[in-house]
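input_8.cif (mmCIF, C-alpha atoms)
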data_entry
#
loop_
_atom_site.label_atom_id
_atom_site.label_comp_id
_atom_site.auth_asym_id
_atom_site.auth_seq_id
_atom_site.Cartn_x
_atom_site.Cartn_y
_atom_site.Cartn_z
CA MET A 1 64.29 -3.37 276.17
CA GLU A 2 64.65 0.38 276.61
CA ILE A 3 62.55 1.76 273.77
CA PRO A 4 59.30 -0.18 274.37
CA VAL A 5 59.31 0.82 278.04
CA ILE A 6 59.79 4.48 277.20
CA ARG A 7 56.89 4.14 274.74
CA ASN A 8 54.66 2.72 277.46
CA VAL A 9 55.55 5.59 279.75
CA LEU A 10 54.73 8.06 276.97
CA GLU A 11 51.45 6.29 276.17
CA ALA A 12 50.39 6.30 279.82
CA ASN A 13 51.24 10.00 279.96
CA THR A 14 49.23 10.74 276.82
CA ARG A 15 46.18 9.03 278.34
CA LEU A 16 46.49 11.14 281.50
CA ALA A 17 47.03 14.26 279.38
CA GLY A 18 43.69 13.54 277.69
CA ASN A 19 41.96 13.60 281.08
CA LEU A 20 43.63 16.91 281.92
CA LYS A 21 42.56 18.41 278.58
CA ARG A 22 38.96 17.47 279.33
CA ARG A 23 39.16 19.05 282.79
CA PHE A 24 40.75 22.24 281.45
CA ALA A 25 38.08 22.43 278.73
CA GLU A 26 35.25 21.84 281.21
CA HIS A 27 36.38 24.76 283.39
CA GLY A 28 37.50 27.02 280.52
CA VAL A 29 41.11 27.08 281.72
CA LEU A 30 43.76 28.06 279.17
CA ALA A 31 46.78 25.87 280.04
CA LEU A 32 50.23 26.83 278.74
CA ASN A 33 53.37 24.70 279.06
CA LEU A 34 56.43 26.95 279.29
CA ILE A 35 59.65 25.27 278.11
CA SER A 36 63.23 26.59 277.86
CA SER A 37 66.86 26.00 278.79
CA PRO A 38 67.83 26.67 282.39
CA GLY A 39 68.12 30.41 282.95
CA ALA A 40 66.36 31.59 279.80
CA GLY A 41 63.98 33.65 281.92
CA LYS A 42 60.79 31.59 282.42
CA THR A 43 60.20 32.74 285.99
CA THR A 44 60.96 36.40 285.20
CA LEU A 45 58.51 36.20 282.26
CA LEU A 46 55.86 34.88 284.65
CA GLU A 47 56.56 37.54 287.28
CA ARG A 48 56.05 40.26 284.63
CA THR A 49 52.99 38.66 283.04
CA LEU A 50 51.25 37.91 286.35
CA LYS A 51 51.78 41.48 287.55
CA ASP A 52 50.88 43.22 284.29
CA LEU A 53 47.71 41.17 283.66
CA ALA A 54 46.59 40.80 287.29
CA GLY A 55 43.57 43.06 286.66
CA GLU A 56 42.45 41.15 283.57
CA PHE A 57 42.77 37.44 284.32
CA ARG A 58 42.75 35.00 287.22
CA MET A 59 46.08 33.21 286.83
CA ALA A 60 47.79 30.28 288.54
CA VAL A 61 51.20 28.69 288.16
CA ILE A 62 52.57 25.17 288.53
CA GLU A 63 56.34 25.40 289.03
CA GLY A 64 58.51 22.43 288.09
CA ASP A 65 62.02 22.15 289.50
CA LEU A 66 64.46 19.40 290.43
CA GLN A 67 64.81 20.94 293.88
CA THR A 68 64.04 24.15 295.80
CA ASP A 69 60.82 26.15 295.85
CA ASN A 70 62.53 29.44 294.93
CA ASP A 71 60.50 29.93 291.76
CA ALA A 72 57.13 29.23 293.38
CA ARG A 73 57.98 31.80 296.06
CA ARG A 74 58.96 34.39 293.42
CA VAL A 75 55.72 33.80 291.53
CA ALA A 76 53.54 33.77 294.66
CA ALA A 77 54.99 37.17 295.60
CA THR A 78 53.05 38.65 292.66
CA GLY A 79 49.81 37.53 294.32
CA ALA A 80 49.16 34.63 291.93
CA GLN A 81 48.38 31.14 293.18
CA ALA A 82 51.44 28.89 292.85
CA VAL A 83 52.22 25.24 293.49
CA GLN A 84 55.72 23.80 293.41
CA ILE A 85 56.43 20.33 292.00
CA ASN A 86 59.84 18.97 292.92
CA THR A 87 60.85 16.22 290.50
CA ASP A 88 63.66 15.04 292.80
CA GLY A 89 66.17 15.01 289.94
CA GLY A 90 63.66 14.20 287.19
CA CYS A 91 64.24 16.06 283.92
CA HIS A 92 60.64 16.98 282.99
CA LEU A 93 57.08 17.34 284.25
CA ASP A 94 54.40 14.86 283.22
CA SER A 95 50.61 14.72 283.37
CA GLY A 96 50.57 12.71 286.59
CA MET A 97 52.53 15.42 288.40
CA VAL A 98 50.29 18.15 286.99
CA GLU A 99 47.18 16.21 288.04
CA ASP A 100 48.51 15.98 291.60
CA ALA A 101 49.25 19.71 291.63
CA LEU A 102 45.72 20.55 290.46
CA ALA A 103 44.38 19.37 293.83
CA SER A 104 45.62 22.73 295.18
CA PHE A 105 43.55 24.80 292.76
CA GLN A 106 39.88 25.54 292.09
CA LEU A 107 39.86 25.26 288.32
CA ASP A 108 36.69 27.29 287.84
CA GLN A 109 38.49 30.20 289.51
CA ILE A 110 41.32 30.19 286.92
CA ASP A 111 41.49 31.75 283.44
CA ILE A 112 45.13 30.93 282.66
CA LEU A 113 47.25 28.13 284.14
CA PHE A 114 50.97 28.45 283.45
CA ILE A 115 52.99 25.25 283.78
CA GLU A 116 56.66 26.22 284.15
CA ASN A 117 58.53 23.08 283.17
CA VAL A 118 61.99 21.96 284.33
CA GLY A 119 64.73 23.93 282.53
CA ASN A 120 65.55 21.57 279.66
CA LEU A 121 65.16 21.94 275.88
CA VAL A 122 64.84 18.20 275.26
CA CYS A 123 62.84 15.95 277.60
CA PRO A 124 59.87 18.19 278.54
CA VAL A 125 58.87 18.41 274.87
CA GLU A 126 57.93 14.72 274.76
CA PHE A 127 55.55 14.79 277.73
CA ASP A 128 52.16 16.39 277.09
CA CYS A 129 50.83 17.94 280.29
CA GLY A 130 47.32 18.52 278.91
CA GLU A 131 48.24 22.05 277.78
CA ASP A 132 46.53 24.02 275.02
CA ALA A 133 49.92 25.18 273.76
CA LYS A 134 53.62 24.91 274.40
CA ILE A 135 55.42 28.25 274.77
CA ALA A 136 59.13 28.08 273.84
CA LEU A 137 61.39 30.65 275.46
CA LEU A 138 64.83 31.21 273.93
CA SER A 139 67.28 33.82 275.19
CA VAL A 140 69.61 35.58 272.77
CA THR A 141 72.61 34.63 274.91
CA GLU A 142 72.08 30.97 273.95
CA GLY A 143 72.92 31.46 270.27
CA ASP A 144 70.89 31.71 267.07
CA ASP A 145 71.53 28.03 266.20
CA LYS A 146 69.31 26.64 268.96
CA PRO A 147 66.07 26.14 266.95
CA GLU A 148 68.09 24.11 264.42
CA LYS A 149 69.86 22.09 267.13
CA TYR A 150 66.80 21.42 269.34
CA PRO A 151 64.13 21.18 266.64
CA LEU A 152 61.31 19.29 268.34
CA LEU A 153 60.40 22.08 270.76
CA PHE A 154 60.22 24.72 268.04
CA HIS A 155 58.29 22.32 265.82
CA ARG A 156 55.65 21.74 268.49
CA ALA A 157 55.44 25.16 270.15
CA ALA A 158 52.69 27.65 269.27
CA VAL A 159 54.79 30.62 270.40
CA MET A 160 58.50 31.37 270.50
CA LEU A 161 59.47 34.16 272.86
CA LEU A 162 62.94 35.49 272.06
CA ASN A 163 64.05 36.87 275.42
CA LYS A 164 66.87 39.11 276.70
CA ILE A 165 66.88 41.32 273.59
CA ASP A 166 68.41 44.04 275.82
CA LEU A 167 71.63 41.96 275.56
CA LEU A 168 71.68 41.88 271.72
CA PRO A 169 74.40 44.58 271.48
CA TYR A 170 76.78 42.41 273.54
CA VAL A 171 76.35 38.95 271.96
CA ASP A 172 76.70 37.41 268.49
CA PHE A 173 73.08 36.59 267.79
CA ASN A 174 71.35 36.99 264.45
CA THR A 175 67.60 37.28 265.09
CA ALA A 176 66.76 36.66 261.42
CA THR A 177 68.76 33.41 261.44
CA ALA A 178 67.04 32.10 264.57
CA ALA A 179 63.61 33.10 263.26
CA ALA A 180 64.24 31.50 259.86
CA HIS A 181 65.31 28.20 261.46
CA ALA A 182 62.30 28.20 263.77
CA ARG A 183 59.84 29.04 260.98
CA ARG A 184 61.30 26.30 258.77
CA LEU A 185 60.35 23.87 261.57
CA ASN A 186 56.96 25.45 262.12
CA LYS A 187 55.43 27.88 259.65
CA ASP A 188 52.60 28.82 262.07
CA LEU A 189 54.90 29.81 264.93
CA ASP A 190 54.09 33.16 266.56
CA LEU A 191 57.36 34.89 267.40
CA PHE A 192 57.77 37.78 269.85
CA GLU A 193 61.03 39.56 270.72
CA ILE A 194 61.01 40.56 274.37
CA SER A 195 63.08 41.63 277.32
CA CYS A 196 61.62 40.50 280.63
CA ARG A 197 64.23 42.67 282.33
CA THR A 198 63.23 45.98 280.70
CA GLY A 199 59.66 45.04 279.75
CA GLU A 200 60.31 45.78 276.07
CA GLY A 201 58.12 43.91 273.58
CA LEU A 202 55.75 42.31 276.09
CA GLU A 203 52.54 43.92 274.77
CA PRO A 204 52.24 41.62 271.68
CA TRP A 205 52.68 38.60 273.99
CA TYR A 206 49.87 39.89 276.20
CA ALA A 207 47.72 40.41 273.09
CA TRP A 208 48.39 36.77 272.13
CA LEU A 209 47.28 35.67 275.64
CA ARG A 210 44.09 37.74 275.41
CA GLN A 211 43.22 36.15 272.07
CA ALA A 212 43.98 32.65 273.35
CA VAL A 213 41.76 33.15 276.40
CA GLN A 214 38.99 34.49 274.15
CA ARG A 215 39.28 31.49 271.78
CA LYS A 216 39.05 29.13 274.73
CA ARG A 217 35.92 30.94 276.04
CA ASN A 218 34.29 30.84 272.59
CA VAL A 219 34.89 27.09 272.31
CA ASN A 220 33.48 26.63 275.78
CA ALA A 221 30.39 28.74 275.03
CA ALA A 222 29.77 26.75 271.81
CA HIS A 223 30.00 23.49 273.79
CA GLY A 224 27.65 24.84 276.46
CA GLN A 225 25.01 25.54 273.78
CA ALA A 226 25.39 22.12 272.13
CA MET B 227 57.86 -0.52 286.25
CA GLU B 228 59.74 2.62 285.28
CA ILE B 229 62.37 2.91 287.97
CA PRO B 230 63.83 -0.63 287.79
CA VAL B 231 64.23 -0.34 284.02
CA ILE B 232 66.01 2.99 284.29
CA ARG B 233 68.27 1.39 286.89
CA ASN B 234 69.11 -1.44 284.50
CA VAL B 235 69.96 1.06 281.78
CA LEU B 236 72.20 2.94 284.21
CA GLU B 237 73.87 -0.29 285.39
CA ALA B 238 74.56 -1.41 281.83
CA ASN B 239 76.03 2.02 281.13
CA THR B 240 78.24 1.87 284.22
CA ARG B 241 79.65 -1.50 283.10
CA LEU B 242 80.46 -0.07 279.65
CA ALA B 243 81.96 3.02 281.29
CA GLY B 244 84.32 0.73 283.21
CA ASN B 245 85.59 -0.69 279.91
CA LEU B 246 86.14 2.80 278.56
CA LYS B 247 88.03 3.84 281.70
CA ARG B 248 90.39 0.87 281.25
CA ARG B 249 90.98 1.78 277.60
CA PHE B 250 91.61 5.44 278.41
CA ALA B 251 94.03 4.41 281.20
CA GLU B 252 95.85 1.94 278.97
CA HIS B 253 96.54 4.63 276.35
CA GLY B 254 97.10 7.47 278.82
CA VAL B 255 94.16 9.47 277.46
CA LEU B 256 92.70 12.17 279.73
CA ALA B 257 88.94 12.06 279.04
CA LEU B 258 86.76 15.03 280.04
CA ASN B 259 82.96 15.13 279.88
CA LEU B 260 81.79 18.69 279.21
CA ILE B 261 78.25 19.39 280.47
CA SER B 262 76.15 22.58 280.37
CA SER B 263 72.83 24.11 279.37
CA PRO B 264 72.25 24.72 275.67
CA GLY B 265 74.19 27.78 274.58
CA ALA B 266 76.46 28.14 277.63
CA GLY B 267 79.51 28.10 275.35
CA LYS B 268 80.84 24.51 275.27
CA THR B 269 81.84 24.60 271.60
CA THR B 270 83.39 28.07 271.86
CA LEU B 271 85.40 26.88 274.88
CA LEU B 272 86.66 23.95 272.84
CA GLU B 273 87.53 26.12 269.84
CA ARG B 274 89.65 28.36 272.11
CA THR B 275 91.26 25.51 274.04
CA LEU B 276 92.07 23.43 270.93
CA LYS B 277 93.68 26.42 269.23
CA ASP B 278 95.59 27.73 272.25
CA LEU B 279 96.99 24.33 273.31
CA ALA B 280 97.51 22.87 269.82
CA GLY B 281 101.30 23.00 270.26
CA GLU B 282 101.25 21.23 273.63
CA PHE B 283 98.76 18.37 273.39
CA ARG B 284 97.22 16.02 270.85
CA MET B 285 93.48 16.58 271.33
CA ALA B 286 90.32 15.00 269.96
CA VAL B 287 86.64 15.78 270.41
CA ILE B 288 83.45 13.73 270.47
CA GLU B 289 80.52 16.04 269.76
CA GLY B 290 77.07 15.08 271.02
CA ASP B 291 74.00 16.72 269.51
CA LEU B 292 70.37 15.83 268.88
CA GLN B 293 70.81 16.78 265.24
CA THR B 294 73.24 18.63 262.91
CA ASP B 295 77.02 18.33 262.73
CA ASN B 296 77.58 22.10 263.10
CA ASP B 297 79.67 21.74 266.25
CA ALA B 298 81.92 18.98 264.90
CA ARG B 299 82.63 21.16 261.87
CA ARG B 300 83.46 24.16 264.07
CA VAL B 301 85.82 22.07 266.17
CA ALA B 302 87.44 20.32 263.18
CA ALA B 303 88.20 23.77 261.71
CA THR B 304 90.77 24.21 264.51
CA GLY B 305 92.68 21.19 263.16
CA ALA B 306 91.62 18.82 265.95
CA GLN B 307 90.12 15.41 265.25
CA ALA B 308 86.35 15.44 265.74
CA VAL B 309 83.56 12.89 265.58
CA GLN B 310 79.88 13.79 265.70
CA ILE B 311 77.35 11.64 267.54
CA ASN B 312 73.74 12.43 266.66
CA THR B 313 71.43 11.15 269.39
CA ASP B 314 68.35 11.55 267.17
CA GLY B 315 66.45 13.38 269.88
CA GLY B 316 68.14 11.65 272.82
CA CYS B 317 68.88 13.92 275.78
CA HIS B 318 72.38 12.69 276.75
CA LEU B 319 75.42 10.71 275.58
CA ASP B 320 76.17 7.30 277.09
CA SER B 321 79.15 4.96 277.12
CA GLY B 322 77.85 2.88 274.20
CA MET B 323 77.78 5.94 271.96
CA VAL B 324 81.25 7.00 273.08
CA GLU B 325 82.59 3.48 272.46
CA ASP B 326 81.21 3.58 268.90
CA ALA B 327 82.79 7.00 268.32
CA LEU B 328 86.19 5.77 269.52
CA ALA B 329 86.43 3.57 266.40
CA SER B 330 87.33 6.78 264.54
CA PHE B 331 90.34 7.57 266.75
CA GLN B 332 93.77 6.12 267.47
CA LEU B 333 93.78 6.38 271.24
CA ASP B 334 97.57 6.22 271.58
CA GLN B 335 97.75 9.38 269.44
CA ILE B 336 95.58 11.37 271.87
CA ASP B 337 96.49 13.20 275.09
CA ILE B 338 93.11 14.78 275.83
CA LEU B 339 89.70 13.58 274.65
CA PHE B 340 86.91 16.11 275.12
CA ILE B 341 83.38 14.69 275.15
CA GLU B 342 80.96 17.56 274.48
CA ASN B 343 77.66 16.29 275.80
CA VAL B 344 74.15 17.25 274.66
CA GLY B 345 73.16 20.68 276.04
CA ASN B 346 71.24 19.68 279.16
CA LEU B 347 71.95 20.27 282.87
CA VAL B 348 70.05 17.18 284.03
CA CYS B 349 70.23 13.88 282.12
CA PRO B 350 73.91 13.81 281.02
CA VAL B 351 75.02 13.90 284.66
CA GLU B 352 73.61 10.43 285.32
CA PHE B 353 75.45 8.68 282.48
CA ASP B 354 79.16 8.06 283.04
CA CYS B 355 81.00 8.07 279.71
CA GLY B 356 84.24 6.69 281.15
CA GLU B 357 85.61 10.19 281.75
CA ASP B 358 88.28 11.15 284.28
CA ALA B 359 86.27 14.22 285.20
CA LYS B 360 83.08 16.09 284.44
CA ILE B 361 83.56 19.77 283.55
CA ALA B 362 80.51 21.93 284.32
CA LEU B 363 80.13 25.08 282.27
CA LEU B 364 77.73 27.76 283.55
CA SER B 365 77.23 31.10 281.85
CA VAL B 366 76.48 34.21 283.88
CA THR B 367 73.40 34.90 281.75
CA GLU B 368 71.71 31.80 283.23
CA GLY B 369 71.51 33.21 286.76
CA ASP B 370 73.44 32.64 289.99
CA ASP B 371 70.80 30.22 291.32
CA LYS B 372 71.65 27.42 288.89
CA PRO B 373 74.07 25.39 291.09
CA GLU B 374 71.36 25.30 293.79
CA LYS B 375 68.61 24.36 291.31
CA TYR B 376 70.61 21.72 289.35
CA PRO B 377 72.76 20.35 292.18
CA LEU B 378 73.86 16.95 290.88
CA LEU B 379 76.11 18.31 288.14
CA PHE B 380 77.92 20.68 290.47
CA HIS B 381 78.19 17.95 293.10
CA ARG B 382 79.87 15.56 290.66
CA ALA B 383 81.98 17.93 288.54
CA ALA B 384 85.68 18.45 289.19
CA VAL B 385 85.68 21.88 287.57
CA MET B 386 83.11 24.64 287.20
CA LEU B 387 83.85 27.13 284.43
CA LEU B 388 81.87 30.32 284.88
CA ASN B 389 81.62 31.61 281.31
CA LYS B 390 80.59 34.88 279.61
CA ILE B 391 82.01 37.08 282.39
CA ASP B 392 82.27 39.84 279.73
CA LEU B 393 78.45 40.10 280.14
CA LEU B 394 78.55 40.59 283.94
CA PRO B 395 77.95 44.37 283.69
CA TYR B 396 74.67 43.75 281.85
CA VAL B 397 73.05 40.96 283.92
CA ASP B 398 72.00 40.42 287.54
CA PHE B 399 74.49 37.73 288.51
CA ASN B 400 76.27 37.49 291.83
CA THR B 401 79.45 35.46 291.33
CA ALA B 402 79.94 34.96 295.08
CA THR B 403 76.41 33.54 295.42
CA ALA B 404 76.90 31.05 292.57
CA ALA B 405 80.32 30.03 293.90
CA ALA B 406 79.02 29.59 297.45
CA HIS B 407 76.14 27.35 296.28
CA ALA B 408 78.47 25.28 294.13
CA ARG B 409 81.10 24.88 296.89
CA ARG B 410 78.40 23.86 299.38
CA LEU B 411 77.62 20.98 296.99
CA ASN B 412 81.28 20.17 296.37
CA LYS B 413 84.05 21.57 298.53
CA ASP B 414 86.79 20.33 296.14
CA LEU B 415 85.36 22.06 293.08
CA ASP B 416 87.91 24.04 291.04
CA LEU B 417 86.25 27.22 289.83
CA PHE B 418 87.48 29.43 287.00
CA GLU B 419 85.87 32.63 285.74
CA ILE B 420 86.30 32.93 281.98
CA SER B 421 85.10 34.59 278.82
CA CYS B 422 85.47 32.37 275.78
CA ARG B 423 84.56 35.39 273.69
CA THR B 424 87.38 37.69 274.88
CA GLY B 425 89.78 34.98 276.08
CA GLU B 426 89.85 36.44 279.61
CA GLY B 427 90.65 34.02 282.43
CA LEU B 428 91.49 31.01 280.27
CA GLU B 429 95.08 30.58 281.50
CA PRO B 430 94.13 29.00 284.89
CA TRP B 431 91.90 26.52 283.01
CA TYR B 432 94.82 25.62 280.77
CA ALA B 433 97.02 25.18 283.87
CA TRP B 434 94.40 22.80 285.27
CA LEU B 435 94.47 20.80 282.01
CA ARG B 436 98.29 20.62 282.10
CA GLN B 437 98.21 19.29 285.67
CA ALA B 438 95.48 16.76 284.86
CA VAL B 439 97.43 15.43 281.86
CA GLN B 440 100.55 15.19 284.02
CA ARG B 441 98.68 13.31 286.77
CA LYS B 442 97.34 10.86 284.19
CA ARG B 443 100.87 10.30 282.81
CA ASN B 444 102.27 9.75 286.30
CA VAL B 445 99.59 7.15 287.08
CA ASN B 446 100.32 5.47 283.77
CA ALA B 447 104.07 5.44 284.39
CA ALA B 448 103.54 3.95 287.86
CA HIS B 449 101.33 1.20 286.36
CA GLY B 450 103.93 0.52 283.66
CA GLN B 451 106.58 -0.12 286.33
CA ALA B 452 104.31 -2.35 288.42
#
What is this structure when it is put down as structure tokens?
Amino acid sequence: MEIPVIRNVLEANTRLAGNLKRRFAEHGVLALNLISSPGAGKTTLLERTLKDLAGEFRMAVIEGDLQTDNDARRVAATGAQAVQINTDGGCHLDSGMVEDALASFQLDQIDILFIENVGNLVCPVEFDCGEDAKIALLSVTEGDDKPEKYPLLFHRAAVMLLNKIDLLPYVDFNTATAAAHARRLNKDLDLFEISCRTGEGLEPWYAWLRQAVQRKRNVNAAHGQA
Amino acid sequence: MEIPVIRNVLEANTRLAGNLKRRFAEHGVLALNLISSPGAGKTTLLERTLKDLAGEFRMAVIEGDLQTDNDARRVAATGAQAVQINTDGGCHLDSGMVEDALASFQLDQIDILFIENVGNLVCPVEFDCGEDAKIALLSVTEGDDKPEKYPLLFHRAAVMLLNKIDLLPYVDFNTATAAAHARRLNKDLDLFEISCRTGEGLEPWYAWLRQAVQRKRNVNAAHGQA
């Protein structure tokens, strides 16, 4: 019984994700689905990014959490638009939840929409939220074996951000090992080593965002001419 | 459609968990379900505990992972019996998987059975594996807001192990805040601050294990006389 039902849920989600993709494309919104373990630093990454790029892009955030609106409040304090989704115990966001949250935004006023998923390396990976790319965040305190042990995320992500590199002197983490495992799963993975606490290494991530926004605009312009 | 099916899955699991509880009681096995985020230190905790208490208790481990048998090999290297369950992408262990794994053990040769769940703060909490107690492991690198943001685990756990306290000087973590949130969810929670890396603080955890084994033996002895 269980597996067919889960398939139906996934299929229904994929249909809804298709609608979201069309809406994001229509309004030229770059949508990024941010996935990590609890406490890897998703919200701190967003706080930094929203502040540092505030002059360049119009950005909005959908925050997914089981409970509390702490993260949406942290993100809104940077001046960005933020909507909180509480899953009431649910382990991931899905396209239906994202669609509901979009009612709070004017999509043609947004360049980048960050979807901060529930802290979980497993379930969020299965549920497309209409995003252009999944961004995997791994902190060095979690261990260099995580890409090998949770392969689907690193297989599907466009970017792996290796966070908390300021803690490298105090933990047993081999960056080369983690990178090799991740690249074996996904040879096209863009990998950036960062510290959201100190700000180290964030510039290449911002450059990636600028390129991704530009690609999205080019596609949109080409469609407009067609 | 979705919710009733998930309920049926949970109900079927709860029935199987009841069978496991009877088997564990019959053989006087203390079963502990170890739950945390990926990389919080579950396997390192087990390596330490299995080595340090090898002379006192007969211990076995069921290792749950999406893929790889790395953790079972690490644990087996201590001399303990270990069985790996690969969930093939599944986000939690359930009683059916644990029952299958038990075929590898002689239960009357075991004092403590550790069930190391898949690294995930959400889904494993819902699925009883027949354990006497859930043990929540939180590392200080994950942030002091995690009990508030992932409340069900801390509500249901008997013990919260606050791990990686050797990293406290390098992170923004308020132990009193985390403890207060956790105790608001669960006033009976036993809380131990530990570092599995340095070995600091492990003795009170071992004392808890000794008491829990003794309680289980007393219950068993009382049943034997009845």
Shell around A:Thr177 at 12 Å using all atoms listed in the file, local window under 6 positions removed, as a PyMOL selection string: chain A and resi 140+143-148+183-184
For this session: Give me the result of the PyMOL selection byres ((chain B) within 7 of (chain A)) on this file, residue by residue, as a VMD selection string.
Result: chain B and resid 263 to 266 292 to 294 317 346 348 to 349 367 to 369 375 to 376
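Here, the PyMOL selection byres ((chain A and resi 210) around 12) matches Leu30, Thr49, Leu53, Glu56, Phe57, Asp111, Ile112, Glu203, Pro204, Trp205, Tyr206, Ala207, Trp208, Leu209, Gln211, Ala212, Val213, Gln214, Arg215, Lys216 and Arg217 of chain A.
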Step by step, work through what the PyMOL selection byres ((chain B and resi 415) around 12) selects in the shown file, and finish by giving those residues as a list in words. Ala359, Lys360, Ile361, Ala362, Pro373, Leu379, Phe380, His381, Arg382, Ala383, Ala384, Val385, Met386, Leu387, Ala405, Ala406, His407, Ala408, Arg409, Arg410, Leu411, Asn412, Lys413, Asp414, Asp416, Leu417, Phe418 and Trp434 of chain B
**OP:** For A:Gln84, work out the shell of residues within 12 Å, counting only C-alpha atoms and skipping chain neighbours fewer than 2 positions away, then give it as a PyMOL selection string.
**Re:** chain A and resi 60-76+81-82+86-88+93+97-98+100-102+104+114-118
Students should find that atom CA of A:Leu162 and atom CA of A:Asn174 are spaced 11.4 Å
Around all the atoms of stretch 266-270 of chain B listed in the file, draw an axis-aligned box and extend it by 6 Å on each of the six sides; I want its centre and edge lengths in Å to one decimal, as JSON.
{"center_x": 79.9, "center_y": 26.3, "center_z": 274.6, "size_x": 18.9, "size_y": 15.6, "size_z": 18.0}
I'd like the contact shell of B:Val255 - 10 Å cut-off, all atoms listed in the file, skipping same-chain residues fewer than 2 positions apart - returned as a PyMOL selection string.
chain B and resi 247+249-253+257-258+284-285+333-339+357-358+439+442-443+446
Could you save those same residues with C-alpha atoms as a compact mmCIF listing (two decimals), in the coordinates of the input?
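Result written to part06.txt:
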# COMPACT_ATOMS: atom_id res chain seq x y z
CA LYS B 247 88.03 3.84 281.70
CA ARG B 249 90.98 1.78 277.60
CA PHE B 250 91.61 5.44 278.41
CA ALA B 251 94.03 4.41 281.20
CA GLU B 252 95.85 1.94 278.97
CA HIS B 253 96.54 4.63 276.35
CA ALA B 257 88.94 12.06 279.04
CA LEU B 258 86.76 15.03 280.04
CA ARG B 284 97.22 16.02 270.85
CA MET B 285 93.48 16.58 271.33
CA LEU B 333 93.78 6.38 271.24
CA ASP B 334 97.57 6.22 271.58
CA GLN B 335 97.75 9.38 269.44
CA ILE B 336 95.58 11.37 271.87
CA ASP B 337 96.49 13.20 275.09
CA ILE B 338 93.11 14.78 275.83
CA LEU B 339 89.70 13.58 274.65
CA GLU B 357 85.61 10.19 281.75
CA ASP B 358 88.28 11.15 284.28
CA VAL B 439 97.43 15.43 281.86
CA LYS B 442 97.34 10.86 284.19
CA ARG B 443 100.87 10.30 282.81
CA ASN B 446 100.32 5.47 283.77
Residues at most 10 Å from A:Leu45, counting all atoms listed in the file, excluding those fewer than 6 positions away in the same chain, as an mmCIF file with C-alpha atoms, keeping the file's coordinate frame?
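Result file follows (around.cif):
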data_model
loop_
_atom_site.group_PDB
_atom_site.id
_atom_site.type_symbol
_atom_site.label_atom_id
_atom_site.label_comp_id
_atom_site.auth_asym_id
_atom_site.auth_seq_id
_atom_site.Cartn_x
_atom_site.Cartn_y
_atom_site.Cartn_z
ATOM 1 C CA LEU A 34 56.430 26.950 279.290
ATOM 2 C CA VAL A 75 55.720 33.800 291.530
ATOM 3 C CA LEU A 137 61.390 30.650 275.460
ATOM 4 C CA LEU A 161 59.470 34.160 272.860
ATOM 5 C CA ASN A 163 64.050 36.870 275.420
ATOM 6 C CA ILE A 194 61.010 40.560 274.370
ATOM 7 C CA SER A 195 63.080 41.630 277.320
ATOM 8 C CA CYS A 196 61.620 40.500 280.630
ATOM 9 C CA ARG A 197 64.230 42.670 282.330
ATOM 10 C CA GLY A 199 59.660 45.040 279.750
ATOM 11 C CA LEU A 202 55.750 42.310 276.090
#
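When atom CA of B:Phe353 is paired with atom CA of B:Phe331, their separation reads 21.7 Å.
Atom to atom, atom CA of B:Gly356 and atom CA of B:Ser321 stand 6.7 Å apart.
Distance check against B:Ile261 using all atoms listed in the file: of B:Gly281, B:Gly450, B:Pro350, B:Gly427, the minimum falls on B:Pro350.
Closest approach to B:Arg241 among B:Ala404, B:Gly322, B:Val445, B:Val351: B:Gly322, based on all atoms listed in the file.
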